[in-house]
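One structure is given here, and the rest of the page talks about it.
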Amino acid sequence: GEIEPVGAGLGAGAMARRCPADQVVVGFDGRSGLLLDQLGFRCAPLVLAGRVAIGLGDVTNLTPVGGDGGSPMPRTDCEPGMMARGVIVSQGSWLERIGLACARMELR
C-alpha cells in the first residue's frame with residue numbers, strides 16, 4: 001500500500017521513502033549543519049532459512065530527501081545482526097537530530 005507521512009507541520013514538502021520489497025531499514029546517512037538538511041535510509045533484505053532469520057543481504061541506499069546544505073553526517077548503521085525497529089527524533093520548530101532504535105532480528 002501507499003505510505004502516508006505522519007506528524008505535525010509536514011506541509012507540501014513531505015516526502016516518503018520505502019525499502020524495496022522484503023527489505024528492512026538497517027541505517028542512514030545524510031547531511032547536517034545547524035539542523036538536519038538531508039536524510040537517506042539504507043535497506044537490506046532479510047536472509048531466511050525456513051522461518052528463521054539468519055542474516056541480512058547486500059545494502060541498498062535509498063534516494064535521499066532534503067537539500068545539499070550542511071556537511072556529510074557519519075553513516076549510522078545498526079550493529080551486525082540487527083535491524084531498525086524505530087526512529088528517535090529530537091525537534092523544536094525543525095528536525096534537529098535523528099537516530100535509530102535497533103533490535104535483533106526475529107520472526108514471530
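Going by the C-alpha cells order, chains are called A, B, ..., each with residues numbered from 1, while ligands are numbered from 1 in the order shown.
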Please report as JSON lines every residue of stretch 41-93 of chain A lying within 9 Å of stretch 18-21 of chain A, along with the nearest atom pair and their distance in Å (one decimal), using only C-alpha atoms.
{"residue": "A:Phe41", "atom": "CA", "partner": "A:Cys19", "partner_atom": "CA", "distance": 8.3}
{"residue": "A:Arg42", "atom": "CA", "partner": "A:Cys19", "partner_atom": "CA", "distance": 8.0}
{"residue": "A:Cys43", "atom": "CA", "partner": "A:Cys19", "partner_atom": "CA", "distance": 5.8}
{"residue": "A:Ala44", "atom": "CA", "partner": "A:Cys19", "partner_atom": "CA", "distance": 8.1}
{"residue": "A:Pro45", "atom": "CA", "partner": "A:Ala21", "partner_atom": "CA", "distance": 8.2}
{"residue": "A:Thr60", "atom": "CA", "partner": "A:Cys19", "partner_atom": "CA", "distance": 8.2}
{"residue": "A:Asn61", "atom": "CA", "partner": "A:Cys19", "partner_atom": "CA", "distance": 8.9}
{"residue": "A:Leu62", "atom": "CA", "partner": "A:Cys19", "partner_atom": "CA", "distance": 7.2}
Got a sec to tell me which of stretch 8-99 of chain A DSSP assigns to strand (DSSP E), as a PyMOL selection string?
-> chain A and resi 23-32+36-49+52-56+60-61+65-66+71-72+76-77+82-91+95-99
For the residues in that selection, give me C-alpha atoms as a short mmCIF file (atom, residue, chain, number, x, y, z; two decimals), in the first residue's frame.
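Output file out15.cif is given in full below:
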data_model
loop_
_atom_site.label_atom_id
_atom_site.label_comp_id
_atom_site.auth_asym_id
_atom_site.auth_seq_id
_atom_site.Cartn_x
_atom_site.Cartn_y
_atom_site.Cartn_z
CA GLN A 23 13.83 -5.48 2.95
CA VAL A 24 14.28 -3.68 6.29
CA VAL A 25 15.96 -0.42 7.34
CA VAL A 26 19.46 -1.02 8.70
CA GLY A 27 20.94 2.50 8.73
CA PHE A 28 21.01 6.04 7.35
CA ASP A 29 23.29 8.84 6.24
CA GLY A 30 22.76 12.40 5.13
CA ARG A 31 23.86 15.99 5.59
CA SER A 32 23.58 18.37 8.52
CA LEU A 36 19.25 18.19 9.59
CA ASP A 37 19.46 19.02 5.84
CA GLN A 38 19.25 15.65 4.09
CA LEU A 39 18.45 12.06 5.04
CA GLY A 40 18.87 8.80 3.14
CA PHE A 41 17.93 5.40 4.58
CA ARG A 42 19.84 2.16 3.99
CA CYS A 43 17.91 -1.09 3.49
CA ALA A 44 18.88 -4.78 3.30
CA PRO A 45 16.92 -7.97 2.63
CA LEU A 46 16.38 -10.47 5.43
CA VAL A 47 18.04 -13.80 4.64
CA LEU A 48 15.75 -16.59 5.83
CA ALA A 49 16.17 -20.32 6.34
CA VAL A 52 14.38 -18.31 10.99
CA ALA A 53 16.11 -15.02 10.14
CA ILE A 54 19.79 -15.83 9.69
CA GLY A 55 21.18 -12.55 8.42
CA LEU A 56 20.98 -9.63 6.04
CA THR A 60 20.57 -0.72 -0.83
CA ASN A 61 20.87 3.06 -0.40
CA VAL A 65 15.42 13.54 0.67
CA GLY A 66 16.29 17.13 1.55
CA SER A 71 28.18 18.76 5.74
CA PRO A 72 28.03 14.98 5.33
CA THR A 76 24.81 5.36 11.14
CA ASP A 77 24.04 1.65 10.87
CA MET A 82 20.27 -6.06 13.97
CA MET A 83 17.65 -4.02 12.08
CA ALA A 84 15.86 -0.74 12.77
CA ARG A 85 12.66 -1.05 14.80
CA GLY A 86 12.00 2.67 15.16
CA VAL A 87 13.32 6.20 14.73
CA ILE A 88 14.33 8.52 17.55
CA VAL A 89 14.00 12.24 16.75
CA SER A 90 14.69 15.50 18.53
CA GLN A 91 12.90 18.53 17.24
CA LEU A 95 14.00 18.41 12.90
CA GLU A 96 17.31 18.72 14.73
CA ARG A 97 18.52 15.16 15.40
CA ILE A 98 17.68 11.64 14.32
CA GLY A 99 18.74 8.18 15.45
#
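With atom CA of A:Gly70 on one side and atom CA of A:Leu35 on the other, the separation reads 8.1 Å.
Restricting the calculation to only C-alpha atoms, the smallest distance between A:Arg17 and any of A:Gly50, A:Val59, A:Leu34, A:Pro64 is found for A:Pro64.
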